[in-house]
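What follows is one structure encoded as structure tokens, with my remarks underneath.
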Amino acid sequence: MKLDATDLRYITPDEFRVLTSVEIGSKNHEVVPTPLIVQISGLRNGGVNKLIGSLAKRNLVAKVQNSKYDGYRLTYGGYDYLAMRALSKRDSMYSVGNQIGVGKEADVYIVADAEGNELVLKLHRLGRISFRAIKEKRDYMGKRKSASWMYMSRLAAQKEWAFMKILHEHDFPVPRPVDQARHCIVMEAIDAYPLRQIADVPSPGKLYSTLMDIIVRFARAGLIHGDYNEFNILIRRESGEPIVIDFPQMVSTSHENAEWYFNRDVECIRTFFRRRFKYESALYPRFKTVKAESNGEEHDGFRLDVMVAASGFAKKDQKTLEEYMEAVQANELQDGSAQNSSDEEEEEEEEDEEDENEVDDILDGHEDNVQVETGDGHSES
């Protein structure tokens with residue numbers, strides 16, 4: 001789902017009222033009946049039908065002909081518009097620029113505030129690929145099953161916002177969070193490249209040590225990243241310092257599978273450095289050692305996992321999101337088990353070689369990716 005903010009400034013207040021009504025109705029209805037949209041919006045019946053038609057033409061809602069009744073469902077585009085309007089009204093975002101990242105579970109864009117300062121907008125897209133594959137295996141939403149993709153995407157954004165805010169306040173190398181609305185997060189734009197795009201570094205051993213130290217520092221504060229790899233580590237262009245991103249899978253060191261998550265983070269870095277930089281070290285952190293050292297240090301009460309829970313991100317929401325993430329991972333492992341392991345290794349080696357050959361082109365094109373389109377992307381209605 002590509003973000004298109006062109007029509008955002010043309011949406012009327014009544015159209016946003018109807019769009020919000022469809023969102024509210026989606027909590028308990030897979031297809032929201034038109035009479036319910038009229039009831040929630042508080043607008044005239046004939047006027048609502050016209051407004052819904054206008055929203056449908058912009059692909060912000062989609063009409064669904066059900067065997068029991070006809071109604072509408074909210075699209076990703078509609079959810080994007082609701083979130084961007086909230087961010088715009090709070091002056092957190094003024095214009096939308098180019099897309100700079102896309103993944104299975106999120107899209108990333110360059111945006112700007114009213115002063116023209118570049119920021120990054122991340123739109124969580126949980127369910128876009130993975131939910132269809134697992135939704136029949138377990139009900140994560142209870143009565144909210146119909147709104148699963150909205151619900152899970154919002155939870156992911158809320159969790160990432162909570163963790164990023166706490167981590168930034170305690171001087172961890174993470175982006176500065178600016179604002180959060182629904183499934184979207186606005187954060188500072190950093191002049192950096194993903195580690196996976198880096199073909200060579202002056203001192204692989206120094207960078208390796210720094211990244212392992214960050215894992216240890218997370219753990220001593222009660223946290224494990226859970227997806228610590230070359231895709232979620234940025235390297236600043238000027239200083240070469242690492243910045244960690246993407247926190248929806250972050251877990252507490254008290255989690256029942258904490259050691260497994262910790263070891264996976266460590267092994268991801270070791271494997272990448274061995275393949276990309278031909279660097280391998282016998283020194284790497286062990287979970288039990290770090291946990292024992294943490295218990296013996298004099299910083300009672302300083303546990304960021306506890307602070308995140310106290311910040312308002314409920315434990316039940318955390319558990320729901322963790323179960324979803326684990327189910328997605330299990331499904332991916334199951335799908336990949338049929339493939340030959342040697343074929344996978346060969347493909348990975350080919351991808352690494354292609355990455356190295358294309359690095360110069362990627363770096364040269366960086367400037368084109370960060371231009372903000374001012375004026376046309378104005379995000380007020």
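Residue numbering restarts at 1 in every chain; chains get A, B, ... in the order shown in the structure tokens, and ligands count up from 1 in that same order.
Residues lying within 12 Å of Ser209 in chain A, counting only C-alpha atoms and ignoring same-chain neighbours fewer than 2 positions away, are Ser203, Pro204, Gly205, Lys206, Leu207, Leu211, Met212, Asp213, Ile214, Ile215, Val216, Glu241, Pro242, Val266, Ile269, Arg270, Phe273, Tyr279, Glu280, Ser281, Ala282, Leu283, Tyr284 and Pro285 of chain A.
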Preceding selection exported with C-alpha atoms as a short mmCIF file (atom, residue, chain, number, x, y, z; two decimals), in the first residue's frame:
data_model
loop_
_atom_site.label_atom_id
_atom_site.label_comp_id
_atom_site.auth_asym_id
_atom_site.auth_seq_id
_atom_site.Cartn_x
_atom_site.Cartn_y
_atom_site.Cartn_z
CA SER A 203 37.57 -1.11 11.74
CA PRO A 204 35.16 -4.08 11.73
CA GLY A 205 36.36 -5.14 15.16
CA LYS A 206 35.53 -1.75 16.69
CA LEU A 207 32.05 -1.67 15.17
CA LEU A 211 27.16 -3.35 18.57
CA MET A 212 27.70 -6.09 21.13
CA ASP A 213 28.04 -3.46 23.86
CA ILE A 214 24.62 -2.07 22.85
CA ILE A 215 23.08 -5.54 23.22
CA VAL A 216 24.59 -5.79 26.69
CA GLU A 241 28.29 5.55 14.97
CA PRO A 242 25.45 3.00 15.00
CA VAL A 266 24.01 -11.86 19.15
CA ILE A 269 25.57 -9.76 14.31
CA ARG A 270 28.21 -12.49 14.38
CA PHE A 273 30.21 -9.70 10.26
CA TYR A 279 35.49 -10.82 10.66
CA GLU A 280 34.89 -13.31 13.43
CA SER A 281 35.53 -12.94 17.14
CA ALA A 282 35.53 -15.50 19.89
CA LEU A 283 34.25 -12.79 22.23
CA TYR A 284 30.50 -12.30 22.44
CA PRO A 285 28.05 -11.76 25.30
#
> If we count only C-alpha atoms, what is near range 155-158 of chain A at a cut-off of 12 Å, once residues fewer than 2 positions away on the same chain are taken out, given as a VMD selection string?
Replying inline: chain A and resid 83 105 to 106 121 to 127 141 148 to 153 160 to 165 177 179 to 187 246 to 250 308 to 309 311 to 322 324 to 325
Could you save the residues just selected, with C-alpha atoms, as a compact mmCIF listing (two decimals), in the first residue's frame?
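The result, stored in out-v8.txt:
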# COMPACT_ATOMS: atom_id res chain seq x y z
CA ALA A 83 -3.43 9.24 11.25
CA GLU A 105 5.44 -4.84 8.13
CA ALA A 106 6.06 -1.10 7.56
CA LEU A 121 7.21 8.94 9.05
CA LYS A 122 6.87 5.21 9.71
CA LEU A 123 3.54 3.54 8.91
CA HIS A 124 3.11 0.11 10.47
CA ARG A 125 1.46 -2.38 8.13
CA LEU A 126 1.10 -5.48 10.28
CA GLY A 127 -1.12 -7.96 8.57
CA MET A 141 -8.32 -10.07 18.66
CA SER A 148 -7.22 -7.16 13.14
CA TRP A 149 -4.87 -5.37 10.76
CA MET A 150 -5.75 -1.94 12.20
CA TYR A 151 -5.56 -3.19 15.75
CA MET A 152 -2.21 -4.94 15.37
CA SER A 153 -0.69 -2.06 13.40
CA GLU A 160 7.55 1.23 19.32
CA TRP A 161 6.68 4.75 20.48
CA ALA A 162 6.78 3.73 24.15
CA PHE A 163 10.14 1.96 23.85
CA MET A 164 11.74 4.58 21.63
CA LYS A 165 10.71 7.38 23.99
CA PRO A 177 10.68 10.28 18.70
CA ASP A 179 4.84 12.02 17.70
CA GLN A 180 2.58 8.98 17.30
CA ALA A 181 -0.96 8.60 15.98
CA ARG A 182 -2.77 5.32 15.31
CA HIS A 183 -0.35 3.14 13.30
CA CYS A 184 2.11 5.96 12.51
CA ILE A 185 5.24 7.26 14.22
CA VAL A 186 7.12 10.46 13.40
CA MET A 187 10.79 10.56 14.37
CA ASP A 246 12.59 -0.87 14.84
CA PHE A 247 11.32 -1.91 18.28
CA PRO A 248 7.96 -3.73 17.90
CA GLN A 249 9.62 -7.07 18.76
CA MET A 250 11.48 -5.78 21.82
CA VAL A 308 7.71 1.21 29.58
CA ALA A 309 4.90 -0.71 31.25
CA SER A 311 4.24 4.65 30.65
CA GLY A 312 0.86 3.36 29.54
CA PHE A 313 1.56 0.48 27.14
CA ALA A 314 -0.51 -2.22 28.81
CA LYS A 315 0.92 -5.66 29.55
CA LYS A 316 -2.03 -7.37 27.83
CA ASP A 317 -1.33 -5.36 24.66
CA GLN A 318 2.33 -6.31 24.90
CA LYS A 319 1.39 -9.97 25.20
CA THR A 320 -1.02 -9.78 22.27
CA LEU A 321 1.64 -8.26 20.04
CA GLU A 322 4.30 -10.74 21.18
CA TYR A 324 1.33 -12.26 16.98
CA MET A 325 5.05 -11.75 16.26
Sorted by chain and rising residue number, list the residues of range 66-138 of chain A at most 10 Å from range 33-56 of chain A (counting only C-alpha atoms), each with its closest atom pair and distance in Å to one decimal, as CSV.
residue,atom,partner,partner_atom,distance
A:Asn66,CA,A:Pro33,CA,9.7
A:Lys68,CA,A:Pro33,CA,10.0
A:Tyr69,CA,A:Pro33,CA,6.9
A:Asp70,CA,A:Pro33,CA,6.2
A:Gly71,CA,A:Pro33,CA,4.3
A:Tyr72,CA,A:Pro33,CA,6.6
A:Arg73,CA,A:Pro33,CA,9.1
A:Leu74,CA,A:Ala56,CA,9.6
A:Thr75,CA,A:Ala56,CA,9.5
A:Gly78,CA,A:Leu55,CA,8.3
Give the alpha helix (DSSP H) residues of range 268-297 of chain A, as DSSP finds them on the backbone, and put them as a CSV table (one decimal) with C-alpha atoms, in the first residue's frame.
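Result saved to result.csv:
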chain,number,residue,atom,x,y,z
A,268,CYS,CA,22.7,-12.2,13.8
A,269,ILE,CA,25.6,-9.8,14.3
A,270,ARG,CA,28.2,-12.5,14.4
A,271,THR,CA,26.9,-14.1,11.2
A,272,PHE,CA,26.7,-10.7,9.3
A,273,PHE,CA,30.2,-9.7,10.3
A,274,ARG,CA,31.5,-13.1,9.3
A,275,ARG,CA,29.9,-13.0,5.8
A,276,ARG,CA,30.2,-9.3,5.0
A,287,PHE,CA,22.8,-14.0,28.4
A,288,LYS,CA,23.3,-15.7,31.8
A,289,THR,CA,26.5,-13.8,32.4
A,290,VAL,CA,24.9,-10.4,31.5
A,291,LYS,CA,21.8,-11.2,33.7
A,292,ALA,CA,24.0,-12.2,36.6
A,293,GLU,CA,26.1,-9.0,36.3
A,294,SER,CA,22.9,-6.9,36.0
A,295,ASN,CA,21.5,-8.4,39.2
A,296,GLY,CA,24.7,-7.5,41.1
> Out of range 49-270 of chain A, which residues get strand (DSSP E or B) from DSSP, as a PyMOL selection string?
Replying inline: chain A and resi 61-65+70-74+95-102+106-112+118-124+177-181+184-188+192-194+223-224+233-236+242-244+251-252
For the residues selected in the previous step, produce a file with C-alpha atoms as a short mmCIF file (atom, residue, chain, number, x, y, z; two decimals), in the first residue's frame.
data_model
loop_
_atom_site.label_atom_id
_atom_site.label_comp_id
_atom_site.auth_asym_id
_atom_site.auth_seq_id
_atom_site.Cartn_x
_atom_site.Cartn_y
_atom_site.Cartn_z
CA VAL A 61 -13.19 3.11 2.10
CA ALA A 62 -14.26 0.09 0.06
CA LYS A 63 -17.81 -1.10 -0.51
CA VAL A 64 -18.45 -4.74 0.36
CA GLN A 65 -21.59 -6.56 -0.73
CA ASP A 70 -24.16 -4.03 2.19
CA GLY A 71 -21.60 -1.89 3.92
CA TYR A 72 -18.08 -0.47 3.87
CA ARG A 73 -14.69 -1.27 5.30
CA LEU A 74 -11.81 1.07 6.03
CA SER A 95 4.28 17.82 4.06
CA VAL A 96 5.06 14.37 2.70
CA GLY A 97 8.11 13.56 0.58
CA ASN A 98 9.60 10.43 -0.95
CA GLN A 99 9.39 6.86 0.26
CA ILE A 100 12.77 5.76 1.64
CA GLY A 101 11.97 2.30 2.97
CA VAL A 102 9.56 -0.57 2.59
CA ALA A 106 6.06 -1.10 7.56
CA ASP A 107 6.56 1.72 5.05
CA VAL A 108 8.88 4.66 5.70
CA TYR A 109 8.68 8.17 4.20
CA ILE A 110 10.52 11.46 4.50
CA VAL A 111 8.19 14.20 5.75
CA ALA A 112 8.67 17.76 7.01
CA GLU A 118 13.08 16.82 7.72
CA LEU A 119 11.51 14.02 9.74
CA VAL A 120 10.73 10.36 9.14
CA LEU A 121 7.21 8.94 9.05
CA LYS A 122 6.87 5.21 9.71
CA LEU A 123 3.54 3.54 8.91
CA HIS A 124 3.11 0.11 10.47
CA PRO A 177 10.68 10.28 18.70
CA VAL A 178 8.45 13.21 17.72
CA ASP A 179 4.84 12.02 17.70
CA GLN A 180 2.58 8.98 17.30
CA ALA A 181 -0.96 8.60 15.98
CA CYS A 184 2.11 5.96 12.51
CA ILE A 185 5.24 7.26 14.22
CA VAL A 186 7.12 10.46 13.40
CA MET A 187 10.79 10.56 14.37
CA GLU A 188 13.91 12.53 13.56
CA ALA A 192 22.82 7.46 7.94
CA TYR A 193 22.81 4.24 5.92
CA PRO A 194 21.48 0.80 6.88
CA LEU A 223 15.43 -5.16 27.49
CA ILE A 224 16.21 -7.32 24.45
CA ILE A 233 21.02 -0.79 12.49
CA LEU A 234 21.95 2.50 10.83
CA ILE A 235 25.48 3.85 10.52
CA ARG A 236 25.85 7.63 10.69
CA PRO A 242 25.45 3.00 15.00
CA ILE A 243 21.80 3.90 15.55
CA VAL A 244 19.27 1.20 16.43
CA VAL A 251 10.94 -7.92 24.94
CA SER A 252 11.87 -7.83 28.61
#
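Note that CA of Arg303 in chain A and CA of Glu230 in chain A are 26.3 Å apart.
Going from CA of Thr20 in chain A to CA of Glu323 in chain A covers 28.4 Å.
Of the listed residues (A:Ile198, A:Ala5, A:Val18, A:Met93), A:Met93 comes nearest to Glu115 in chain A; the distances count only C-alpha atoms.
Straight-line separation from CA of Gln197 in chain A to CA of Leu167 in chain A: 25.2 Å.
Using only C-alpha atoms for every distance, the candidate list A:His255, A:His170, A:Lys104, A:Arg196 yields A:His170 as the residue closest to Phe218 in chain A.
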